[in-house]
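J.: Here you go, this is upload_34.cif (mmCIF, N, CA and C atoms).
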```
data_final
#
loop_
_atom_site.label_atom_id
_atom_site.label_comp_id
_atom_site.auth_asym_id
_atom_site.auth_seq_id
_atom_site.Cartn_x
_atom_site.Cartn_y
_atom_site.Cartn_z
N GLN M 1 -15.37 -10.68 -29.53
CA GLN M 1 -14.33 -9.70 -29.72
C GLN M 1 -14.88 -8.47 -30.41
N VAL M 2 -14.11 -7.42 -30.33
CA VAL M 2 -14.48 -6.15 -30.93
C VAL M 2 -13.63 -5.93 -32.17
N GLN M 3 -14.26 -5.49 -33.25
CA GLN M 3 -13.52 -5.15 -34.46
C GLN M 3 -13.16 -3.67 -34.40
N LEU M 4 -11.89 -3.37 -34.66
CA LEU M 4 -11.39 -2.01 -34.51
C LEU M 4 -10.72 -1.54 -35.79
N VAL M 5 -11.00 -0.29 -36.18
CA VAL M 5 -10.39 0.28 -37.37
C VAL M 5 -9.86 1.67 -37.04
N GLU M 6 -8.54 1.84 -37.16
CA GLU M 6 -7.91 3.13 -36.86
C GLU M 6 -7.84 4.01 -38.10
N SER M 7 -7.75 5.30 -37.85
CA SER M 7 -7.52 6.26 -38.93
C SER M 7 -6.87 7.50 -38.34
N GLY M 8 -6.29 8.33 -39.22
CA GLY M 8 -5.77 9.61 -38.77
C GLY M 8 -4.25 9.72 -38.71
N GLY M 9 -3.55 8.65 -38.99
CA GLY M 9 -2.10 8.73 -38.97
C GLY M 9 -1.58 9.53 -40.16
N GLY M 10 -0.28 9.77 -40.17
CA GLY M 10 0.31 10.50 -41.27
C GLY M 10 1.72 10.97 -40.98
N LEU M 11 2.23 11.80 -41.86
CA LEU M 11 3.57 12.37 -41.73
C LEU M 11 3.43 13.83 -41.32
N VAL M 12 4.04 14.17 -40.20
CA VAL M 12 3.97 15.55 -39.69
C VAL M 12 5.36 15.98 -39.25
N GLN M 13 5.47 17.26 -38.95
CA GLN M 13 6.73 17.79 -38.45
C GLN M 13 6.68 17.87 -36.92
N ALA M 14 7.85 17.89 -36.33
CA ALA M 14 7.94 18.03 -34.88
C ALA M 14 7.18 19.29 -34.44
N GLY M 15 6.41 19.13 -33.36
CA GLY M 15 5.61 20.24 -32.86
C GLY M 15 4.18 20.26 -33.37
N ASP M 16 3.92 19.50 -34.41
CA ASP M 16 2.56 19.43 -34.98
C ASP M 16 1.66 18.56 -34.11
N SER M 17 0.39 18.53 -34.50
CA SER M 17 -0.62 17.73 -33.81
C SER M 17 -1.29 16.78 -34.79
N LEU M 18 -1.77 15.67 -34.26
CA LEU M 18 -2.57 14.72 -35.00
C LEU M 18 -3.64 14.17 -34.08
N ARG M 19 -4.76 13.77 -34.67
CA ARG M 19 -5.78 13.08 -33.89
C ARG M 19 -6.07 11.74 -34.54
N LEU M 20 -5.84 10.69 -33.79
CA LEU M 20 -6.16 9.35 -34.24
C LEU M 20 -7.58 9.00 -33.80
N SER M 21 -8.27 8.28 -34.67
CA SER M 21 -9.61 7.79 -34.36
C SER M 21 -9.63 6.28 -34.47
N CYS M 22 -10.51 5.67 -33.69
CA CYS M 22 -10.67 4.22 -33.74
C CYS M 22 -12.16 3.92 -33.67
N ALA M 23 -12.68 3.37 -34.75
CA ALA M 23 -14.08 3.00 -34.82
C ALA M 23 -14.24 1.54 -34.43
N ALA M 24 -15.14 1.28 -33.52
CA ALA M 24 -15.35 -0.07 -33.01
C ALA M 24 -16.72 -0.59 -33.45
N SER M 25 -16.75 -1.89 -33.73
CA SER M 25 -18.02 -2.51 -34.09
C SER M 25 -18.70 -3.03 -32.84
N GLY M 26 -19.97 -3.36 -32.98
CA GLY M 26 -20.68 -4.00 -31.87
C GLY M 26 -21.47 -3.02 -31.04
N ARG M 27 -22.45 -3.57 -30.31
CA ARG M 27 -23.34 -2.74 -29.52
C ARG M 27 -22.86 -2.55 -28.09
N THR M 28 -21.76 -3.29 -27.72
CA THR M 28 -21.32 -3.24 -26.33
C THR M 28 -20.02 -2.47 -26.16
N PHE M 29 -19.77 -1.51 -27.03
CA PHE M 29 -18.53 -0.74 -26.98
C PHE M 29 -18.32 -0.14 -25.60
N ARG M 30 -19.41 0.32 -24.98
CA ARG M 30 -19.29 0.97 -23.69
C ARG M 30 -18.86 0.02 -22.58
N ALA M 31 -18.86 -1.26 -22.86
CA ALA M 31 -18.47 -2.26 -21.87
C ALA M 31 -16.96 -2.54 -21.87
N TYR M 32 -16.24 -1.91 -22.79
CA TYR M 32 -14.82 -2.20 -22.94
C TYR M 32 -13.95 -1.01 -22.57
N GLY M 33 -12.93 -1.28 -21.77
CA GLY M 33 -11.87 -0.31 -21.66
C GLY M 33 -11.09 -0.30 -22.97
N MET M 34 -10.55 0.85 -23.30
CA MET M 34 -9.87 1.01 -24.59
C MET M 34 -8.47 1.57 -24.37
N GLY M 35 -7.63 1.36 -25.35
CA GLY M 35 -6.28 1.88 -25.23
C GLY M 35 -5.63 2.10 -26.58
N TRP M 36 -4.52 2.80 -26.53
CA TRP M 36 -3.67 2.99 -27.70
C TRP M 36 -2.28 2.46 -27.38
N ILE M 37 -1.80 1.59 -28.24
CA ILE M 37 -0.49 0.96 -28.09
C ILE M 37 0.33 1.33 -29.31
N ARG M 38 1.60 1.60 -29.11
CA ARG M 38 2.43 1.91 -30.27
C ARG M 38 3.65 1.00 -30.29
N GLN M 39 4.17 0.82 -31.49
CA GLN M 39 5.40 0.04 -31.65
C GLN M 39 6.27 0.69 -32.70
N ALA M 40 7.46 1.06 -32.29
CA ALA M 40 8.44 1.62 -33.20
C ALA M 40 9.36 0.50 -33.68
N PRO M 41 9.99 0.67 -34.84
CA PRO M 41 10.88 -0.37 -35.36
C PRO M 41 11.97 -0.74 -34.36
N GLY M 42 12.10 -2.02 -34.11
CA GLY M 42 13.14 -2.50 -33.21
C GLY M 42 12.86 -2.30 -31.75
N LYS M 43 11.66 -1.82 -31.42
CA LYS M 43 11.33 -1.58 -30.01
C LYS M 43 10.12 -2.40 -29.60
N GLU M 44 9.95 -2.57 -28.29
CA GLU M 44 8.80 -3.30 -27.78
C GLU M 44 7.55 -2.43 -27.86
N ARG M 45 6.43 -3.10 -27.83
CA ARG M 45 5.15 -2.38 -27.79
C ARG M 45 5.06 -1.57 -26.50
N GLU M 46 4.41 -0.43 -26.60
CA GLU M 46 4.27 0.46 -25.46
C GLU M 46 2.82 0.90 -25.35
N LEU M 47 2.25 0.74 -24.17
CA LEU M 47 0.92 1.27 -23.91
C LEU M 47 1.08 2.76 -23.64
N VAL M 48 0.54 3.59 -24.53
CA VAL M 48 0.71 5.03 -24.36
C VAL M 48 -0.48 5.67 -23.67
N ALA M 49 -1.67 5.13 -23.84
CA ALA M 49 -2.85 5.73 -23.22
C ALA M 49 -3.95 4.69 -23.10
N ALA M 50 -4.77 4.84 -22.07
CA ALA M 50 -5.89 3.93 -21.88
C ALA M 50 -7.02 4.69 -21.20
N ILE M 51 -8.22 4.20 -21.42
CA ILE M 51 -9.39 4.85 -20.82
C ILE M 51 -10.38 3.77 -20.39
N ARG M 52 -10.91 3.93 -19.20
CA ARG M 52 -11.84 2.94 -18.65
C ARG M 52 -13.18 3.02 -19.35
N MET M 53 -14.04 2.05 -19.06
CA MET M 53 -15.38 2.00 -19.64
C MET M 53 -16.13 3.32 -19.42
N SER M 54 -16.00 3.85 -18.22
CA SER M 54 -16.74 5.05 -17.85
C SER M 54 -16.27 6.29 -18.60
N GLY M 55 -15.05 6.24 -19.08
CA GLY M 55 -14.47 7.42 -19.72
C GLY M 55 -13.89 8.40 -18.73
N ILE M 56 -13.98 8.09 -17.45
CA ILE M 56 -13.51 9.02 -16.42
C ILE M 56 -12.04 8.79 -16.10
N ASN M 57 -11.67 7.56 -15.90
CA ASN M 57 -10.30 7.25 -15.52
C ASN M 57 -9.45 6.98 -16.76
N THR M 58 -8.27 7.61 -16.77
CA THR M 58 -7.36 7.47 -17.89
C THR M 58 -5.94 7.19 -17.41
N TYR M 59 -5.15 6.70 -18.34
CA TYR M 59 -3.73 6.41 -18.07
C TYR M 59 -2.90 6.95 -19.23
N TYR M 60 -1.73 7.47 -18.90
CA TYR M 60 -0.77 7.90 -19.92
C TYR M 60 0.63 7.44 -19.52
N SER M 61 1.38 7.02 -20.50
CA SER M 61 2.78 6.70 -20.21
C SER M 61 3.53 7.99 -19.94
N ASP M 62 4.63 7.88 -19.25
CA ASP M 62 5.42 9.06 -18.94
C ASP M 62 5.89 9.77 -20.20
N ALA M 63 6.10 9.01 -21.27
CA ALA M 63 6.63 9.59 -22.51
C ALA M 63 5.65 10.55 -23.18
N VAL M 64 4.35 10.38 -22.91
CA VAL M 64 3.35 11.19 -23.61
C VAL M 64 2.52 12.05 -22.69
N LYS M 65 2.69 11.87 -21.38
CA LYS M 65 1.89 12.61 -20.41
C LYS M 65 2.03 14.11 -20.64
N GLY M 66 0.91 14.78 -20.68
CA GLY M 66 0.91 16.23 -20.90
C GLY M 66 0.83 16.63 -22.37
N ARG M 67 1.04 15.66 -23.27
CA ARG M 67 0.99 15.95 -24.71
C ARG M 67 -0.15 15.21 -25.41
N PHE M 68 -0.45 14.02 -24.95
CA PHE M 68 -1.50 13.20 -25.56
C PHE M 68 -2.73 13.19 -24.67
N SER M 69 -3.90 13.01 -25.32
CA SER M 69 -5.15 12.94 -24.58
C SER M 69 -6.04 11.89 -25.21
N ILE M 70 -6.53 10.97 -24.40
CA ILE M 70 -7.43 9.93 -24.89
C ILE M 70 -8.85 10.27 -24.47
N SER M 71 -9.78 9.99 -25.36
CA SER M 71 -11.19 10.23 -25.05
C SER M 71 -12.02 9.20 -25.80
N ARG M 72 -13.29 9.10 -25.40
CA ARG M 72 -14.17 8.16 -26.07
C ARG M 72 -15.55 8.76 -26.24
N ASP M 73 -16.21 8.36 -27.30
CA ASP M 73 -17.58 8.77 -27.58
C ASP M 73 -18.39 7.48 -27.68
N ASN M 74 -19.00 7.09 -26.58
CA ASN M 74 -19.69 5.81 -26.56
C ASN M 74 -20.85 5.71 -27.55
N PRO M 75 -21.69 6.73 -27.69
CA PRO M 75 -22.76 6.61 -28.70
C PRO M 75 -22.23 6.43 -30.12
N GLU M 76 -21.03 6.94 -30.39
CA GLU M 76 -20.43 6.81 -31.73
C GLU M 76 -19.48 5.63 -31.84
N ASN M 77 -19.33 4.86 -30.75
CA ASN M 77 -18.42 3.70 -30.75
C ASN M 77 -17.02 4.08 -31.21
N THR M 78 -16.51 5.18 -30.71
CA THR M 78 -15.23 5.68 -31.19
C THR M 78 -14.36 6.12 -30.02
N VAL M 79 -13.08 5.84 -30.15
CA VAL M 79 -12.10 6.33 -29.18
C VAL M 79 -11.07 7.15 -29.95
N TYR M 80 -10.59 8.20 -29.32
CA TYR M 80 -9.68 9.13 -29.97
C TYR M 80 -8.37 9.23 -29.19
N LEU M 81 -7.33 9.59 -29.93
CA LEU M 81 -6.06 9.95 -29.29
C LEU M 81 -5.60 11.26 -29.90
N GLN M 82 -5.71 12.32 -29.13
CA GLN M 82 -5.23 13.62 -29.56
C GLN M 82 -3.76 13.73 -29.18
N MET M 83 -2.93 13.97 -30.17
CA MET M 83 -1.48 14.02 -29.96
C MET M 83 -0.98 15.41 -30.31
N ASN M 84 -0.48 16.10 -29.32
CA ASN M 84 0.03 17.46 -29.51
C ASN M 84 1.54 17.49 -29.29
N ASN M 85 2.16 18.53 -29.83
CA ASN M 85 3.60 18.72 -29.67
C ASN M 85 4.36 17.42 -29.97
N LEU M 86 4.08 16.87 -31.13
CA LEU M 86 4.68 15.59 -31.50
C LEU M 86 6.19 15.71 -31.63
N LYS M 87 6.85 14.61 -31.28
CA LYS M 87 8.30 14.54 -31.33
C LYS M 87 8.73 13.41 -32.26
N PRO M 88 9.94 13.46 -32.80
CA PRO M 88 10.39 12.36 -33.67
C PRO M 88 10.32 11.01 -32.97
N GLU M 89 10.52 10.97 -31.67
CA GLU M 89 10.45 9.69 -30.95
C GLU M 89 9.04 9.16 -30.81
N ASP M 90 8.04 9.92 -31.23
CA ASP M 90 6.67 9.41 -31.26
C ASP M 90 6.40 8.60 -32.53
N THR M 91 7.34 8.58 -33.44
CA THR M 91 7.18 7.82 -34.68
C THR M 91 7.01 6.34 -34.37
N ALA M 92 5.90 5.78 -34.86
CA ALA M 92 5.57 4.39 -34.58
C ALA M 92 4.28 4.03 -35.32
N VAL M 93 3.97 2.76 -35.30
CA VAL M 93 2.63 2.31 -35.70
C VAL M 93 1.77 2.32 -34.44
N TYR M 94 0.64 2.96 -34.53
CA TYR M 94 -0.26 3.10 -33.39
C TYR M 94 -1.45 2.15 -33.58
N TYR M 95 -1.69 1.36 -32.56
CA TYR M 95 -2.76 0.37 -32.58
C TYR M 95 -3.82 0.73 -31.55
N CYS M 96 -5.06 0.66 -31.96
CA CYS M 96 -6.18 0.77 -31.04
C CYS M 96 -6.41 -0.61 -30.42
N ALA M 97 -6.82 -0.64 -29.16
CA ALA M 97 -7.01 -1.91 -28.48
C ALA M 97 -8.22 -1.85 -27.56
N ALA M 98 -8.87 -3.00 -27.43
CA ALA M 98 -10.02 -3.12 -26.53
C ALA M 98 -9.75 -4.22 -25.51
N ASP M 99 -10.29 -4.06 -24.32
CA ASP M 99 -10.11 -5.06 -23.28
C ASP M 99 -10.46 -6.45 -23.79
N GLY M 100 -9.77 -7.45 -23.26
CA GLY M 100 -10.05 -8.82 -23.64
C GLY M 100 -11.39 -9.31 -23.14
N THR M 101 -11.83 -8.77 -22.03
CA THR M 101 -13.10 -9.19 -21.43
C THR M 101 -13.93 -7.95 -21.13
N PRO M 102 -15.17 -7.91 -21.59
CA PRO M 102 -15.99 -6.73 -21.30
C PRO M 102 -16.39 -6.67 -19.84
N PHE M 103 -16.85 -5.52 -19.43
CA PHE M 103 -17.34 -5.29 -18.07
C PHE M 103 -16.31 -5.70 -17.02
N THR M 104 -15.05 -5.44 -17.32
CA THR M 104 -13.98 -5.81 -16.39
C THR M 104 -13.25 -4.57 -15.90
N SER M 105 -13.09 -4.48 -14.62
CA SER M 105 -12.31 -3.38 -14.03
C SER M 105 -10.96 -3.93 -13.61
N TYR M 106 -9.98 -3.77 -14.47
CA TYR M 106 -8.65 -4.27 -14.18
C TYR M 106 -8.00 -3.43 -13.08
N SER M 107 -7.16 -4.08 -12.30
CA SER M 107 -6.52 -3.39 -11.18
C SER M 107 -5.39 -2.48 -11.61
N SER M 108 -4.88 -2.70 -12.81
CA SER M 108 -3.79 -1.86 -13.31
C SER M 108 -3.92 -1.73 -14.82
N TYR M 109 -3.17 -0.81 -15.36
CA TYR M 109 -3.16 -0.61 -16.81
C TYR M 109 -1.99 -1.40 -17.40
N SER M 110 -2.33 -2.28 -18.35
CA SER M 110 -1.29 -3.13 -18.94
C SER M 110 -1.72 -3.57 -20.32
N ILE M 111 -0.73 -3.76 -21.19
CA ILE M 111 -1.03 -4.30 -22.52
C ILE M 111 -1.73 -5.65 -22.38
N LYS M 112 -1.44 -6.39 -21.32
CA LYS M 112 -2.02 -7.72 -21.12
C LYS M 112 -3.53 -7.67 -20.94
N ASN M 113 -4.08 -6.50 -20.62
CA ASN M 113 -5.53 -6.40 -20.43
C ASN M 113 -6.29 -6.48 -21.74
N PHE M 114 -5.62 -6.21 -22.85
CA PHE M 114 -6.30 -6.04 -24.13
C PHE M 114 -6.34 -7.33 -24.93
N GLY M 115 -7.47 -7.54 -25.62
CA GLY M 115 -7.64 -8.77 -26.36
C GLY M 115 -7.99 -8.56 -27.83
N SER M 116 -8.32 -7.34 -28.20
CA SER M 116 -8.64 -7.04 -29.60
C SER M 116 -7.80 -5.85 -30.04
N PHE M 117 -7.30 -5.91 -31.26
CA PHE M 117 -6.43 -4.88 -31.78
C PHE M 117 -6.82 -4.51 -33.21
N GLY M 118 -6.62 -3.24 -33.54
CA GLY M 118 -6.81 -2.81 -34.91
C GLY M 118 -5.62 -3.15 -35.78
N GLN M 119 -5.68 -2.73 -37.03
CA GLN M 119 -4.60 -3.05 -37.97
C GLN M 119 -3.43 -2.10 -37.86
N GLY M 120 -3.64 -0.99 -37.17
CA GLY M 120 -2.56 -0.03 -36.94
C GLY M 120 -2.56 1.10 -37.95
N THR M 121 -2.08 2.24 -37.51
CA THR M 121 -1.92 3.40 -38.40
C THR M 121 -0.55 4.02 -38.14
N GLN M 122 0.15 4.34 -39.20
CA GLN M 122 1.51 4.84 -39.09
C GLN M 122 1.52 6.33 -38.75
N VAL M 123 2.31 6.68 -37.76
CA VAL M 123 2.57 8.08 -37.43
C VAL M 123 4.06 8.32 -37.58
N THR M 124 4.42 9.26 -38.41
CA THR M 124 5.82 9.60 -38.64
C THR M 124 6.02 11.07 -38.35
N VAL M 125 6.96 11.37 -37.48
CA VAL M 125 7.24 12.74 -37.08
C VAL M 125 8.66 13.08 -37.52
N SER M 126 8.77 14.05 -38.39
CA SER M 126 10.08 14.46 -38.88
C SER M 126 10.62 15.60 -38.03
N SER M 127 11.94 15.66 -37.93
CA SER M 127 12.57 16.71 -37.11
C SER M 127 12.84 17.97 -37.91
#
```
Spell out the structure here as structure tokens.

T.:
Amino acid sequence: QVQLVESGGGLVQAGDSLRLSCAASGRTFRAYGMGWIRQAPGKERELVAAIRMSGINTYYSDAVKGRFSISRDNPENTVYLQMNNLKPEDTAVYYCAADGTPFTSYSSYSIKNFGSFGQGTQVTVSS
């Protein structure tokens, strides 16, 4: 498994930007697809963004498309989530996630693909 540590959350106002970072342990980071999952109080977990091993193919949920951007720096073992034009409904705990199995090309983007998760970082957007 991959050990993941998120950072960069905080309290911001609507319209502001934040960048979340996720540092991963291990030498095989480049073998894992990565993602960001969020969970708001009383709501189900939501996969908001994902990026393949190559860093070329990405996925965004409809709720964040056009505002969020996921990227990865394989030499630095880090994945980022740039969040722009934040809205109060983006308030949630954001979790970094890594594929459950390395070197796997999943046919679709799903929370079920992920097997390792960070401890989460709180993002709060005030109106």

J.: How many Å lie between CA of Lys43 in chain M and CA of Gly66 in chain M, rounded to one decimal?

T.: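 Straight-line distance from CA of Lys43 in chain M to CA of Gly66 in chain M works out to 22.6 Å.
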
J.: Any chance you could list, as a VMD selection string, the residues in range 25-103 of chain M that come up strand (DSSP E) when DSSP is run on the backbone?

T.: chain M and resid 34 to 39 46 to 51 58 to 60 68 to 73 78 to 83 92 to 99

J.: Do you have the atom C of Arg67 in chain M-atom C of Gln119 in chain M distance handy?

T.: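 Computing it gives 21.6 Å between the two atoms.
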
J.: Expand the PyMOL selection byres ((chain M and resi 20-25) around 6.5) into the individual residues it matches in the shown file, reporting them as a ChimeraX atom specification.

T.: /M:2-9,18-19,26-29,76-83,96

J.: Got a sec to resolve the PyMOL selection byres ((chain M and resi 126) around 7) on this structure and send the residues as a ChimeraX atom specification?

T.: /M:11-14,87-88,124-125,127

J.: Mind pulling up the distance from CA of Pro41 in chain M to CA of Ala97 in chain M?

T.: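 Calculated distance between CA of Ala97 in chain M and CA of Pro41 in chain M is 19.2 Å.
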